[in-house]
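A.B. asks: My file is query.pdb. It has PDB, N, CA and C atoms:
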ATOM      1  N   MET A   1     -87.516 -35.656 -33.460
ATOM      2  CA  MET A   1     -87.243 -36.874 -32.711
ATOM      3  C   MET A   1     -87.115 -36.582 -31.229
ATOM      4  N   PHE A   2     -86.339 -35.545 -30.886
ATOM      5  CA  PHE A   2     -86.144 -35.211 -29.482
ATOM      6  C   PHE A   2     -87.447 -34.749 -28.844
ATOM      7  N   GLY A   3     -88.228 -33.961 -29.598
ATOM      8  CA  GLY A   3     -89.518 -33.494 -29.099
ATOM      9  C   GLY A   3     -90.477 -34.639 -28.844
ATOM     10  N   ASP A   4     -90.476 -35.632 -29.747
ATOM     11  CA  ASP A   4     -91.322 -36.804 -29.565
ATOM     12  C   ASP A   4     -90.928 -37.564 -28.302
ATOM     13  N   MET A   5     -89.632 -37.671 -28.081
ATOM     14  CA  MET A   5     -89.134 -38.378 -26.901
ATOM     15  C   MET A   5     -89.546 -37.640 -25.619
ATOM     16  N   MET A   6     -89.483 -36.309 -25.646
ATOM     17  CA  MET A   6     -89.881 -35.518 -24.478
ATOM     18  C   MET A   6     -91.381 -35.663 -24.219
ATOM     19  N   ASN A   7     -92.172 -35.652 -25.274
ATOM     20  CA  ASN A   7     -93.621 -35.834 -25.122
ATOM     21  C   ASN A   7     -93.937 -37.210 -24.553
ATOM     22  N   GLN A   8     -93.231 -38.207 -25.062
ATOM     23  CA  GLN A   8     -93.432 -39.572 -24.564
ATOM     24  C   GLN A   8     -93.059 -39.649 -23.084
ATOM     25  N   MET A   9     -91.973 -39.004 -22.711
ATOM     26  CA  MET A   9     -91.533 -39.024 -21.322
ATOM     27  C   MET A   9     -92.555 -38.332 -20.418
ATOM     28  N   GLN A  10     -93.092 -37.194 -20.855
ATOM     29  CA  GLN A  10     -94.104 -36.490 -20.066
ATOM     30  C   GLN A  10     -95.365 -37.340 -19.903
ATOM     31  N   GLU A  11     -95.770 -38.003 -20.966
ATOM     32  CA  GLU A  11     -96.943 -38.875 -20.896
ATOM     33  C   GLU A  11     -96.713 -40.018 -19.918
ATOM     34  N   MET A  12     -95.533 -40.595 -19.964
ATOM     35  CA  MET A  12     -95.213 -41.705 -19.070
ATOM     36  C   MET A  12     -95.155 -41.233 -17.614
ATOM     37  N   GLN A  13     -94.648 -40.029 -17.386
ATOM     38  CA  GLN A  13     -94.607 -39.486 -16.026
ATOM     39  C   GLN A  13     -96.012 -39.280 -15.488
ATOM     40  N   GLU A  14     -96.896 -38.748 -16.312
ATOM     41  CA  GLU A  14     -98.279 -38.538 -15.887
ATOM     42  C   GLU A  14     -98.956 -39.871 -15.589
ATOM     43  N   GLN A  15     -98.699 -40.838 -16.426
ATOM     44  CA  GLN A  15     -99.270 -42.175 -16.225
ATOM     45  C   GLN A  15     -98.733 -42.766 -14.908
ATOM     46  N   MET A  16     -97.437 -42.585 -14.646
ATOM     47  CA  MET A  16     -96.847 -43.105 -13.425
ATOM     48  C   MET A  16     -97.428 -42.406 -12.195
ATOM     49  N   LYS A  17     -97.634 -41.087 -12.269
ATOM     50  CA  LYS A  17     -98.237 -40.341 -11.151
ATOM     51  C   LYS A  17     -99.613 -40.898 -10.820
ATOM     52  N   LYS A  18    -100.403 -41.124 -11.860
ATOM     53  CA  LYS A  18    -101.752 -41.650 -11.670
ATOM     54  C   LYS A  18    -101.693 -43.047 -11.053
ATOM     55  N   GLN A  19    -100.798 -43.862 -11.560
ATOM     56  CA  GLN A  19    -100.657 -45.225 -11.048
ATOM     57  C   GLN A  19    -100.202 -45.205  -9.586
ATOM     58  N   LEU A  20     -99.272 -44.329  -9.248
ATOM     59  CA  LEU A  20     -98.797 -44.233  -7.870
ATOM     60  C   LEU A  20     -99.918 -43.822  -6.925
ATOM     61  N   ALA A  21    -100.727 -42.873  -7.343
ATOM     62  CA  ALA A  21    -101.815 -42.391  -6.497
ATOM     63  C   ALA A  21    -102.822 -43.501  -6.202
ATOM     64  N   GLU A  22    -102.919 -44.478  -7.091
ATOM     65  CA  GLU A  22    -103.867 -45.573  -6.918
ATOM     66  C   GLU A  22    -103.335 -46.684  -6.025
ATOM     67  N   GLN A  23    -102.035 -46.700  -5.774
ATOM     68  CA  GLN A  23    -101.426 -47.738  -4.945
ATOM     69  C   GLN A  23    -101.570 -47.403  -3.466
ATOM     70  N   SER A  24    -101.565 -48.429  -2.636
ATOM     71  CA  SER A  24    -101.712 -48.259  -1.201
ATOM     72  C   SER A  24    -100.620 -49.052  -0.480
ATOM     73  N   PHE A  25    -100.028 -48.441   0.549
ATOM     74  CA  PHE A  25     -98.949 -49.067   1.300
ATOM     75  C   PHE A  25     -99.226 -48.903   2.786
ATOM     76  N   THR A  26     -99.007 -49.963   3.551
ATOM     77  CA  THR A  26     -99.282 -49.915   4.984
ATOM     78  C   THR A  26     -98.035 -50.270   5.770
ATOM     79  N   GLY A  27     -97.715 -49.420   6.727
ATOM     80  CA  GLY A  27     -96.619 -49.669   7.651
ATOM     81  C   GLY A  27     -97.196 -49.899   9.036
ATOM     82  N   THR A  28     -96.594 -50.810   9.776
ATOM     83  CA  THR A  28     -97.080 -51.092  11.119
ATOM     84  C   THR A  28     -95.956 -50.969  12.135
ATOM     85  N   ALA A  29     -96.356 -50.654  13.346
ATOM     86  CA  ALA A  29     -95.449 -50.616  14.496
ATOM     87  C   ALA A  29     -96.292 -50.986  15.706
ATOM     88  N   GLY A  30     -96.194 -52.235  16.120
ATOM     89  CA  GLY A  30     -97.024 -52.692  17.229
ATOM     90  C   GLY A  30     -98.486 -52.548  16.889
ATOM     91  N   PRO A  31     -99.261 -51.874  17.735
ATOM     92  CA  PRO A  31    -100.698 -51.757  17.523
ATOM     93  C   PRO A  31    -101.104 -50.620  16.575
ATOM     94  N   VAL A  32    -100.127 -49.992  15.937
ATOM     95  CA  VAL A  32    -100.409 -48.856  15.050
ATOM     96  C   VAL A  32    -100.147 -49.257  13.600
ATOM     97  N   SER A  33    -101.092 -48.925  12.731
ATOM     98  CA  SER A  33    -100.855 -49.106  11.297
ATOM     99  C   SER A  33    -101.217 -47.812  10.588
ATOM    100  N   VAL A  34    -100.363 -47.455   9.634
ATOM    101  CA  VAL A  34    -100.559 -46.232   8.853
ATOM    102  C   VAL A  34    -100.560 -46.617   7.390
ATOM    103  N   THR A  35    -101.538 -46.122   6.664
ATOM    104  CA  THR A  35    -101.643 -46.399   5.227
ATOM    105  C   THR A  35    -101.436 -45.100   4.466
ATOM    106  N   CYS A  36    -100.660 -45.199   3.387
ATOM    107  CA  CYS A  36    -100.447 -44.037   2.533
ATOM    108  C   CYS A  36    -100.586 -44.467   1.085
ATOM    109  N   SER A  37    -100.778 -43.493   0.225
ATOM    110  CA  SER A  37    -100.839 -43.761  -1.205
ATOM    111  C   SER A  37     -99.422 -43.701  -1.769
ATOM    112  N   GLY A  38     -99.302 -44.133  -3.016
ATOM    113  CA  GLY A  38     -98.015 -44.032  -3.688
ATOM    114  C   GLY A  38     -97.606 -42.587  -3.919
ATOM    115  N   ALA A  39     -98.555 -41.677  -3.815
ATOM    116  CA  ALA A  39     -98.262 -40.248  -3.925
ATOM    117  C   ALA A  39     -97.781 -39.698  -2.584
ATOM    118  N   ARG A  40     -97.609 -40.595  -1.626
ATOM    119  CA  ARG A  40     -97.092 -40.292  -0.287
ATOM    120  C   ARG A  40     -98.017 -39.393   0.521
ATOM    121  N   GLU A  41     -99.296 -39.667   0.401
ATOM    122  CA  GLU A  41    -100.299 -38.999   1.216
ATOM    123  C   GLU A  41    -100.844 -40.020   2.204
ATOM    124  N   VAL A  42    -100.843 -39.694   3.488
ATOM    125  CA  VAL A  42    -101.388 -40.593   4.496
ATOM    126  C   VAL A  42    -102.897 -40.637   4.314
ATOM    127  N   THR A  43    -103.429 -41.855   4.186
ATOM    128  CA  THR A  43    -104.854 -42.009   3.937
ATOM    129  C   THR A  43    -105.600 -42.629   5.113
ATOM    130  N   ASN A  44    -104.873 -43.263   6.050
ATOM    131  CA  ASN A  44    -105.543 -43.890   7.174
ATOM    132  C   ASN A  44    -104.540 -44.167   8.297
ATOM    133  N   VAL A  45    -105.026 -44.040   9.519
ATOM    134  CA  VAL A  45    -104.248 -44.396  10.707
ATOM    135  C   VAL A  45    -105.160 -45.238  11.586
ATOM    136  N   LYS A  46    -104.675 -46.414  11.986
ATOM    137  CA  LYS A  46    -105.449 -47.273  12.881
ATOM    138  C   LYS A  46    -104.615 -47.551  14.128
ATOM    139  N   ILE A  47    -105.277 -47.487  15.264
ATOM    140  CA  ILE A  47    -104.621 -47.762  16.539
ATOM    141  C   ILE A  47    -105.488 -48.756  17.297
ATOM    142  N   ASP A  48    -104.911 -49.889  17.621
ATOM    143  CA  ASP A  48    -105.621 -50.888  18.418
ATOM    144  C   ASP A  48    -105.480 -50.477  19.878
ATOM    145  N   THR A  49    -106.489 -49.784  20.374
ATOM    146  CA  THR A  49    -106.404 -49.216  21.721
ATOM    147  C   THR A  49    -106.331 -50.278  22.813
ATOM    148  N   ALA A  50    -106.738 -51.501  22.489
ATOM    149  CA  ALA A  50    -106.652 -52.571  23.484
ATOM    150  C   ALA A  50    -105.206 -53.021  23.696
ATOM    151  N   GLU A  51    -104.345 -52.686  22.751
ATOM    152  CA  GLU A  51    -102.961 -53.141  22.792
ATOM    153  C   GLU A  51    -101.974 -52.089  23.277
ATOM    154  N   ILE A  52    -102.440 -50.909  23.675
ATOM    155  CA  ILE A  52    -101.518 -49.837  24.030
ATOM    156  C   ILE A  52    -102.022 -49.093  25.259
ATOM    157  N   ASP A  53    -101.087 -48.570  26.021
ATOM    158  CA  ASP A  53    -101.412 -47.739  27.179
ATOM    159  C   ASP A  53    -101.653 -46.321  26.674
ATOM    160  N   LEU A  54    -102.908 -45.911  26.661
ATOM    161  CA  LEU A  54    -103.258 -44.590  26.140
ATOM    162  C   LEU A  54    -102.743 -43.459  27.023
ATOM    163  N   GLU A  55    -102.322 -43.769  28.216
ATOM    164  CA  GLU A  55    -101.747 -42.759  29.113
ATOM    165  C   GLU A  55    -100.323 -42.402  28.688
ATOM    166  N   ASP A  56     -99.691 -43.277  27.917
ATOM    167  CA  ASP A  56     -98.302 -43.057  27.487
ATOM    168  C   ASP A  56     -98.300 -42.435  26.095
ATOM    169  N   GLY A  57     -98.569 -41.142  26.039
ATOM    170  CA  GLY A  57     -98.664 -40.429  24.768
ATOM    171  C   GLY A  57     -97.381 -40.457  23.965
ATOM    172  N   GLU A  58     -96.247 -40.395  24.640
ATOM    173  CA  GLU A  58     -94.963 -40.380  23.930
ATOM    174  C   GLU A  58     -94.719 -41.695  23.189
ATOM    175  N   ALA A  59     -95.066 -42.801  23.819
ATOM    176  CA  ALA A  59     -94.906 -44.105  23.158
ATOM    177  C   ALA A  59     -95.811 -44.197  21.941
ATOM    178  N   LEU A  60     -97.037 -43.715  22.070
ATOM    179  CA  LEU A  60     -97.971 -43.730  20.945
ATOM    180  C   LEU A  60     -97.460 -42.866  19.803
ATOM    181  N   GLU A  61     -96.951 -41.701  20.120
ATOM    182  CA  GLU A  61     -96.379 -40.822  19.097
ATOM    183  C   GLU A  61     -95.237 -41.514  18.367
ATOM    184  N   ASP A  62     -94.363 -42.184  19.121
ATOM    185  CA  ASP A  62     -93.236 -42.896  18.503
ATOM    186  C   ASP A  62     -93.719 -43.987  17.557
ATOM    187  N   LEU A  63     -94.743 -44.736  17.975
ATOM    188  CA  LEU A  63     -95.274 -45.804  17.126
ATOM    189  C   LEU A  63     -95.886 -45.246  15.843
ATOM    190  N   ILE A  64     -96.557 -44.115  15.956
ATOM    191  CA  ILE A  64     -97.156 -43.488  14.763
ATOM    192  C   ILE A  64     -96.063 -43.048  13.794
ATOM    193  N   VAL A  65     -94.997 -42.464  14.319
ATOM    194  CA  VAL A  65     -93.883 -42.027  13.463
ATOM    195  C   VAL A  65     -93.253 -43.223  12.763
ATOM    196  N   VAL A  66     -92.995 -44.296  13.501
ATOM    197  CA  VAL A  66     -92.363 -45.485  12.909
ATOM    198  C   VAL A  66     -93.262 -46.094  11.835
ATOM    199  N   ALA A  67     -94.539 -46.265  12.129
ATOM    200  CA  ALA A  67     -95.458 -46.857  11.156
ATOM    201  C   ALA A  67     -95.568 -45.982   9.909
ATOM    202  N   THR A  68     -95.617 -44.672  10.102
ATOM    203  CA  THR A  68     -95.694 -43.750   8.961
ATOM    204  C   THR A  68     -94.451 -43.853   8.099
ATOM    205  N   ASN A  69     -93.289 -43.856   8.724
ATOM    206  CA  ASN A  69     -92.047 -43.958   7.959
ATOM    207  C   ASN A  69     -91.959 -45.276   7.195
ATOM    208  N   ARG A  70     -92.446 -46.348   7.780
ATOM    209  CA  ARG A  70     -92.428 -47.648   7.089
ATOM    210  C   ARG A  70     -93.333 -47.632   5.857
ATOM    211  N   ALA A  71     -94.504 -47.036   5.986
ATOM    212  CA  ALA A  71     -95.417 -46.949   4.840
ATOM    213  C   ALA A  71     -94.813 -46.080   3.742
ATOM    214  N   LEU A  72     -94.245 -44.943   4.126
ATOM    215  CA  LEU A  72     -93.643 -44.039   3.140
ATOM    216  C   LEU A  72     -92.429 -44.681   2.466
ATOM    217  N   GLU A  73     -91.675 -45.483   3.215
ATOM    218  CA  GLU A  73     -90.524 -46.184   2.637
ATOM    219  C   GLU A  73     -90.977 -47.179   1.571
ATOM    220  N   GLN A  74     -92.055 -47.902   1.851
ATOM    221  CA  GLN A  74     -92.599 -48.834   0.855
ATOM    222  C   GLN A  74     -93.021 -48.091  -0.408
ATOM    223  N   ALA A  75     -93.674 -46.952  -0.228
ATOM    224  CA  ALA A  75     -94.125 -46.151  -1.374
ATOM    225  C   ALA A  75     -92.925 -45.669  -2.191
ATOM    226  N   ALA A  76     -91.876 -45.234  -1.516
ATOM    227  CA  ALA A  76     -90.678 -44.741  -2.212
ATOM    228  C   ALA A  76     -89.990 -45.862  -2.982
ATOM    229  N   GLU A  77     -89.916 -47.047  -2.381
ATOM    230  CA  GLU A  77     -89.302 -48.186  -3.072
ATOM    231  C   GLU A  77     -90.093 -48.558  -4.320
ATOM    232  N   TYR A  78     -91.407 -48.561  -4.201
ATOM    233  CA  TYR A  78     -92.253 -48.880  -5.346
ATOM    234  C   TYR A  78     -92.067 -47.842  -6.450
ATOM    235  N   GLU A  79     -92.050 -46.570  -6.068
ATOM    236  CA  GLU A  79     -91.867 -45.508  -7.052
ATOM    237  C   GLU A  79     -90.519 -45.652  -7.757
ATOM    238  N   GLY A  80     -89.481 -45.978  -7.015
ATOM    239  CA  GLY A  80     -88.157 -46.166  -7.615
ATOM    240  C   GLY A  80     -88.144 -47.304  -8.624
ATOM    241  N   SER A  81     -88.801 -48.403  -8.286
ATOM    242  CA  SER A  81     -88.827 -49.526  -9.223
ATOM    243  C   SER A  81     -89.637 -49.178 -10.466
ATOM    244  N   GLN A  82     -90.735 -48.439 -10.285
ATOM    245  CA  GLN A  82     -91.546 -48.028 -11.434
ATOM    246  C   GLN A  82     -90.771 -47.052 -12.328
ATOM    247  N   ALA A  83     -90.029 -46.136 -11.732
ATOM    248  CA  ALA A  83     -89.244 -45.177 -12.516
ATOM    249  C   ALA A  83     -88.161 -45.904 -13.312
ATOM    250  N   GLY A  84     -87.532 -46.903 -12.699
ATOM    251  CA  GLY A  84     -86.523 -47.688 -13.410
ATOM    252  C   GLY A  84     -87.118 -48.424 -14.587
ATOM    253  N   ASN A  85     -88.305 -48.992 -14.388
ATOM    254  CA  ASN A  85     -88.992 -49.685 -15.484
ATOM    255  C   ASN A  85     -89.340 -48.718 -16.602
ATOM    256  N   MET A  86     -89.770 -47.514 -16.229
ATOM    257  CA  MET A  86     -90.131 -46.506 -17.226
ATOM    258  C   MET A  86     -88.908 -46.148 -18.075
ATOM    259  N   MET A  87     -87.772 -45.956 -17.427
ATOM    260  CA  MET A  87     -86.546 -45.610 -18.162
ATOM    261  C   MET A  87     -86.135 -46.744 -19.095
ATOM    262  N   ASN A  88     -86.212 -47.972 -18.610
ATOM    263  CA  ASN A  88     -85.840 -49.121 -19.439
ATOM    264  C   ASN A  88     -86.740 -49.231 -20.663
ATOM    265  N   ASN A  89     -88.015 -48.910 -20.506
ATOM    266  CA  ASN A  89     -88.946 -48.982 -21.627
ATOM    267  C   ASN A  89     -88.693 -47.894 -22.662
ATOM    268  N   MET A  90     -88.093 -46.794 -22.255
ATOM    269  CA  MET A  90     -87.855 -45.681 -23.179
ATOM    270  C   MET A  90     -86.577 -45.866 -23.992
ATOM    271  N   LEU A  91     -85.628 -46.645 -23.473
ATOM    272  CA  LEU A  91     -84.352 -46.787 -24.150
ATOM    273  C   LEU A  91     -84.435 -47.766 -25.318
ATOM    274  N   PRO A  92     -83.621 -47.540 -26.332
ATOM    275  CA  PRO A  92     -83.592 -48.479 -27.466
ATOM    276  C   PRO A  92     -83.203 -49.878 -26.994
ATOM    277  N   GLY A  93     -83.600 -50.885 -27.745
ATOM    278  CA  GLY A  93     -83.322 -52.275 -27.395
ATOM    279  C   GLY A  93     -81.877 -52.515 -26.987
ATOM    280  N   GLY A  94     -81.718 -53.259 -25.899
ATOM    281  CA  GLY A  94     -80.395 -53.621 -25.416
ATOM    282  C   GLY A  94     -79.756 -52.631 -24.472
ATOM    283  N   LEU A  95     -80.270 -51.404 -24.377
ATOM    284  CA  LEU A  95     -79.661 -50.411 -23.505
ATOM    285  C   LEU A  95     -80.337 -50.316 -22.147
ATOM    286  N   GLY A  96     -81.484 -50.976 -21.975
ATOM    287  CA  GLY A  96     -82.200 -50.914 -20.713
ATOM    288  C   GLY A  96     -81.393 -51.410 -19.534
ATOM    289  N   GLY A  97     -80.480 -52.351 -19.794
ATOM    290  CA  GLY A  97     -79.659 -52.907 -18.718
ATOM    291  C   GLY A  97     -78.682 -51.923 -18.115
ATOM    292  N   LEU A  98     -78.467 -50.799 -18.759
ATOM    293  CA  LEU A  98     -77.545 -49.786 -18.221
ATOM    294  C   LEU A  98     -78.022 -49.240 -16.886
ATOM    295  N   PHE A  99     -79.330 -49.293 -16.635
ATOM    296  CA  PHE A  99     -79.901 -48.751 -15.404
ATOM    297  C   PHE A  99     -80.373 -49.843 -14.469
ATOM    298  N   GLY A 100     -79.785 -51.017 -14.602
ATOM    299  CA  GLY A 100     -80.111 -52.106 -13.703
ATOM    300  C   GLY A 100     -81.357 -52.891 -14.065
ATOM    301  N   GLY A 101     -81.866 -52.713 -15.275
ATOM    302  CA  GLY A 101     -83.093 -53.391 -15.692
ATOM    303  C   GLY A 101     -82.863 -54.748 -16.250
TER     304      GLY A 101
END
Please re-express this file's structure in structure tokens.
C.D. replies:
Amino acid sequence: MFGDMMNQMQEMQEQMKKQLAEQSFTGTAGPVSVTCSGAREVTNVKIDTAEIDLEDGEALEDLIVVATNRALEQAAEYEGSQAGNMMNNMLPGGLGGLFGG
């Protein structure tokens, strides 16, 4: 029984990893947008050069950091909600609410 539960948990984790990698999240800060996957890999950075002073490198760097953190925060929130759902699905009937489900 315990071994079956562990196998089920490993399968669900692999399924969740795959699902996370397929998700996309975008954070913006002014003219900068950063997109990352649910696996927290940055997949795209866009900068609207018409909206920013390219001579001010420090401001651009700050905007990139903020946009990146916003995208990663969205990915982390999504992963947390998916993990909670996974736990609720594994528990016997009526016990899922113990973890806020």
A.B. asks: Pull the neighbourhood of (-96.8, -43.6, 8.2) for me: all residues within 7 Å in file coordinates, counting only N, CA and C atoms, as a PyMOL selection string.
C.D. replies: chain A and resi 27+33-36+42+64-72
A.B. asks: Compile the contact shell of Tyr78 (chain A) as a list in words: residues with an atom at most 8 Å away, counting all atoms listed in the file, same-chain residues fewer than 6 positions apart removed.
C.D. replies: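 Surrounding residues, per the criterion: Leu20, Gly38, Leu72 and Gly84 of chain A.
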A.B. asks: Report the residues of chain A whose backbone DSSP state falls under helix (DSSP H, G or I), written as a compact mmCIF listing (two decimals) with N, CA and C atoms, in the coordinates of the input.
C.D. replies:
# COMPACT_ATOMS: atom_id res chain seq x y z
N PHE A 2 -86.34 -35.54 -30.89
CA PHE A 2 -86.14 -35.21 -29.48
C PHE A 2 -87.45 -34.75 -28.84
N GLY A 3 -88.23 -33.96 -29.60
CA GLY A 3 -89.52 -33.49 -29.10
C GLY A 3 -90.48 -34.64 -28.84
N ASP A 4 -90.48 -35.63 -29.75
CA ASP A 4 -91.32 -36.80 -29.56
C ASP A 4 -90.93 -37.56 -28.30
N MET A 5 -89.63 -37.67 -28.08
CA MET A 5 -89.13 -38.38 -26.90
C MET A 5 -89.55 -37.64 -25.62
N MET A 6 -89.48 -36.31 -25.65
CA MET A 6 -89.88 -35.52 -24.48
C MET A 6 -91.38 -35.66 -24.22
N ASN A 7 -92.17 -35.65 -25.27
CA ASN A 7 -93.62 -35.83 -25.12
C ASN A 7 -93.94 -37.21 -24.55
N GLN A 8 -93.23 -38.21 -25.06
CA GLN A 8 -93.43 -39.57 -24.56
C GLN A 8 -93.06 -39.65 -23.08
N MET A 9 -91.97 -39.00 -22.71
CA MET A 9 -91.53 -39.02 -21.32
C MET A 9 -92.56 -38.33 -20.42
N GLN A 10 -93.09 -37.19 -20.86
CA GLN A 10 -94.10 -36.49 -20.07
C GLN A 10 -95.36 -37.34 -19.90
N GLU A 11 -95.77 -38.00 -20.97
CA GLU A 11 -96.94 -38.88 -20.90
C GLU A 11 -96.71 -40.02 -19.92
N MET A 12 -95.53 -40.60 -19.96
CA MET A 12 -95.21 -41.70 -19.07
C MET A 12 -95.16 -41.23 -17.61
N GLN A 13 -94.65 -40.03 -17.39
CA GLN A 13 -94.61 -39.49 -16.03
C GLN A 13 -96.01 -39.28 -15.49
N GLU A 14 -96.90 -38.75 -16.31
CA GLU A 14 -98.28 -38.54 -15.89
C GLU A 14 -98.96 -39.87 -15.59
N GLN A 15 -98.70 -40.84 -16.43
CA GLN A 15 -99.27 -42.18 -16.23
C GLN A 15 -98.73 -42.77 -14.91
N MET A 16 -97.44 -42.58 -14.65
CA MET A 16 -96.85 -43.10 -13.42
C MET A 16 -97.43 -42.41 -12.20
N LYS A 17 -97.63 -41.09 -12.27
CA LYS A 17 -98.24 -40.34 -11.15
C LYS A 17 -99.61 -40.90 -10.82
N LYS A 18 -100.40 -41.12 -11.86
CA LYS A 18 -101.75 -41.65 -11.67
C LYS A 18 -101.69 -43.05 -11.05
N GLN A 19 -100.80 -43.86 -11.56
CA GLN A 19 -100.66 -45.22 -11.05
C GLN A 19 -100.20 -45.20 -9.59
N LEU A 20 -99.27 -44.33 -9.25
CA LEU A 20 -98.80 -44.23 -7.87
C LEU A 20 -99.92 -43.82 -6.92
N ALA A 21 -100.73 -42.87 -7.34
CA ALA A 21 -101.82 -42.39 -6.50
C ALA A 21 -102.82 -43.50 -6.20
N GLU A 22 -102.92 -44.48 -7.09
CA GLU A 22 -103.87 -45.57 -6.92
C GLU A 22 -103.34 -46.68 -6.02
N THR A 49 -106.49 -49.78 20.37
CA THR A 49 -106.40 -49.22 21.72
C THR A 49 -106.33 -50.28 22.81
N ALA A 50 -106.74 -51.50 22.49
CA ALA A 50 -106.65 -52.57 23.48
C ALA A 50 -105.21 -53.02 23.70
N GLU A 51 -104.34 -52.69 22.75
CA GLU A 51 -102.96 -53.14 22.79
C GLU A 51 -101.97 -52.09 23.28
N GLY A 57 -98.57 -41.14 26.04
CA GLY A 57 -98.66 -40.43 24.77
C GLY A 57 -97.38 -40.46 23.96
N GLU A 58 -96.25 -40.40 24.64
CA GLU A 58 -94.96 -40.38 23.93
C GLU A 58 -94.72 -41.70 23.19
N ALA A 59 -95.07 -42.80 23.82
CA ALA A 59 -94.91 -44.10 23.16
C ALA A 59 -95.81 -44.20 21.94
N LEU A 60 -97.04 -43.72 22.07
CA LEU A 60 -97.97 -43.73 20.94
C LEU A 60 -97.46 -42.87 19.80
N GLU A 61 -96.95 -41.70 20.12
CA GLU A 61 -96.38 -40.82 19.10
C GLU A 61 -95.24 -41.51 18.37
N ASP A 62 -94.36 -42.18 19.12
CA ASP A 62 -93.24 -42.90 18.50
C ASP A 62 -93.72 -43.99 17.56
N LEU A 63 -94.74 -44.74 17.98
CA LEU A 63 -95.27 -45.80 17.13
C LEU A 63 -95.89 -45.25 15.84
N ILE A 64 -96.56 -44.12 15.96
CA ILE A 64 -97.16 -43.49 14.76
C ILE A 64 -96.06 -43.05 13.79
N VAL A 65 -95.00 -42.46 14.32
CA VAL A 65 -93.88 -42.03 13.46
C VAL A 65 -93.25 -43.22 12.76
N VAL A 66 -93.00 -44.30 13.50
CA VAL A 66 -92.36 -45.48 12.91
C VAL A 66 -93.26 -46.09 11.84
N ALA A 67 -94.54 -46.26 12.13
CA ALA A 67 -95.46 -46.86 11.16
C ALA A 67 -95.57 -45.98 9.91
N THR A 68 -95.62 -44.67 10.10
CA THR A 68 -95.69 -43.75 8.96
C THR A 68 -94.45 -43.85 8.10
N ASN A 69 -93.29 -43.86 8.72
CA ASN A 69 -92.05 -43.96 7.96
C ASN A 69 -91.96 -45.28 7.20
N ARG A 70 -92.45 -46.35 7.78
CA ARG A 70 -92.43 -47.65 7.09
C ARG A 70 -93.33 -47.63 5.86
N ALA A 71 -94.50 -47.04 5.99
CA ALA A 71 -95.42 -46.95 4.84
C ALA A 71 -94.81 -46.08 3.74
N LEU A 72 -94.24 -44.94 4.13
CA LEU A 72 -93.64 -44.04 3.14
C LEU A 72 -92.43 -44.68 2.47
N GLU A 73 -91.68 -45.48 3.22
CA GLU A 73 -90.52 -46.18 2.64
C GLU A 73 -90.98 -47.18 1.57
N GLN A 74 -92.06 -47.90 1.85
CA GLN A 74 -92.60 -48.83 0.86
C GLN A 74 -93.02 -48.09 -0.41
N ALA A 75 -93.67 -46.95 -0.23
CA ALA A 75 -94.12 -46.15 -1.37
C ALA A 75 -92.92 -45.67 -2.19
N ALA A 76 -91.88 -45.23 -1.52
CA ALA A 76 -90.68 -44.74 -2.21
C ALA A 76 -89.99 -45.86 -2.98
N GLU A 77 -89.92 -47.05 -2.38
CA GLU A 77 -89.30 -48.19 -3.07
C GLU A 77 -90.09 -48.56 -4.32
N TYR A 78 -91.41 -48.56 -4.20
CA TYR A 78 -92.25 -48.88 -5.35
C TYR A 78 -92.07 -47.84 -6.45
N GLU A 79 -92.05 -46.57 -6.07
CA GLU A 79 -91.87 -45.51 -7.05
C GLU A 79 -90.52 -45.65 -7.76
N GLY A 80 -89.48 -45.98 -7.02
CA GLY A 80 -88.16 -46.17 -7.62
C GLY A 80 -88.14 -47.30 -8.62
N SER A 81 -88.80 -48.40 -8.29
CA SER A 81 -88.83 -49.53 -9.22
C SER A 81 -89.64 -49.18 -10.47
N GLN A 82 -90.74 -48.44 -10.28
CA GLN A 82 -91.55 -48.03 -11.43
C GLN A 82 -90.77 -47.05 -12.33
N ALA A 83 -90.03 -46.14 -11.73
CA ALA A 83 -89.24 -45.18 -12.52
C ALA A 83 -88.16 -45.90 -13.31
N GLY A 84 -87.53 -46.90 -12.70
CA GLY A 84 -86.52 -47.69 -13.41
C GLY A 84 -87.12 -48.42 -14.59
N ASN A 85 -88.30 -48.99 -14.39
CA ASN A 85 -88.99 -49.68 -15.48
C ASN A 85 -89.34 -48.72 -16.60
N MET A 86 -89.77 -47.51 -16.23
CA MET A 86 -90.13 -46.51 -17.23
C MET A 86 -88.91 -46.15 -18.08
N MET A 87 -87.77 -45.96 -17.43
CA MET A 87 -86.55 -45.61 -18.16
C MET A 87 -86.14 -46.74 -19.10
N ASN A 88 -86.21 -47.97 -18.61
CA ASN A 88 -85.84 -49.12 -19.44
C ASN A 88 -86.74 -49.23 -20.66
N ASN A 89 -88.02 -48.91 -20.51
CA ASN A 89 -88.95 -48.98 -21.63
C ASN A 89 -88.69 -47.89 -22.66
N MET A 90 -88.09 -46.79 -22.26
CA MET A 90 -87.86 -45.68 -23.18
C MET A 90 -86.58 -45.87 -23.99
N GLY A 96 -81.48 -50.98 -21.98
CA GLY A 96 -82.20 -50.91 -20.71
C GLY A 96 -81.39 -51.41 -19.53
N GLY A 97 -80.48 -52.35 -19.79
CA GLY A 97 -79.66 -52.91 -18.72
C GLY A 97 -78.68 -51.92 -18.11
N LEU A 98 -78.47 -50.80 -18.76
CA LEU A 98 -77.54 -49.79 -18.22
C LEU A 98 -78.02 -49.24 -16.89
N PHE A 99 -79.33 -49.29 -16.64
CA PHE A 99 -79.90 -48.75 -15.40
C PHE A 99 -80.37 -49.84 -14.47
A.B. asks: Could you tell me which residues the PyMOL selection byres (((chain A and resi 14-17 and name CA) around 9) and name CA) returns for this structure, as an MDAnalysis selection string?
C.D. replies: chainID A and resid 9:13 18:22 38:39 79 82:83 86
A.B. asks: Evaluating the PyMOL selection byres ((chain A and resi 47) around 5) on the displayed file yields which residues, as a list in words?
C.D. replies: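 For this structure, the PyMOL selection byres ((chain A and resi 47) around 5) captures Pro31, Val32, Val45, Lys46, Asp48 and Thr49 of chain A.
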A.B. asks: Can you work out the spacing between CA of Asn88 (chain A) and CA of Glu73 (chain A) in Å, to one decimal?
C.D. replies: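 So the two atoms, CA of Asn88 (chain A) and CA of Glu73 (chain A), lie 22.8 Å apart.
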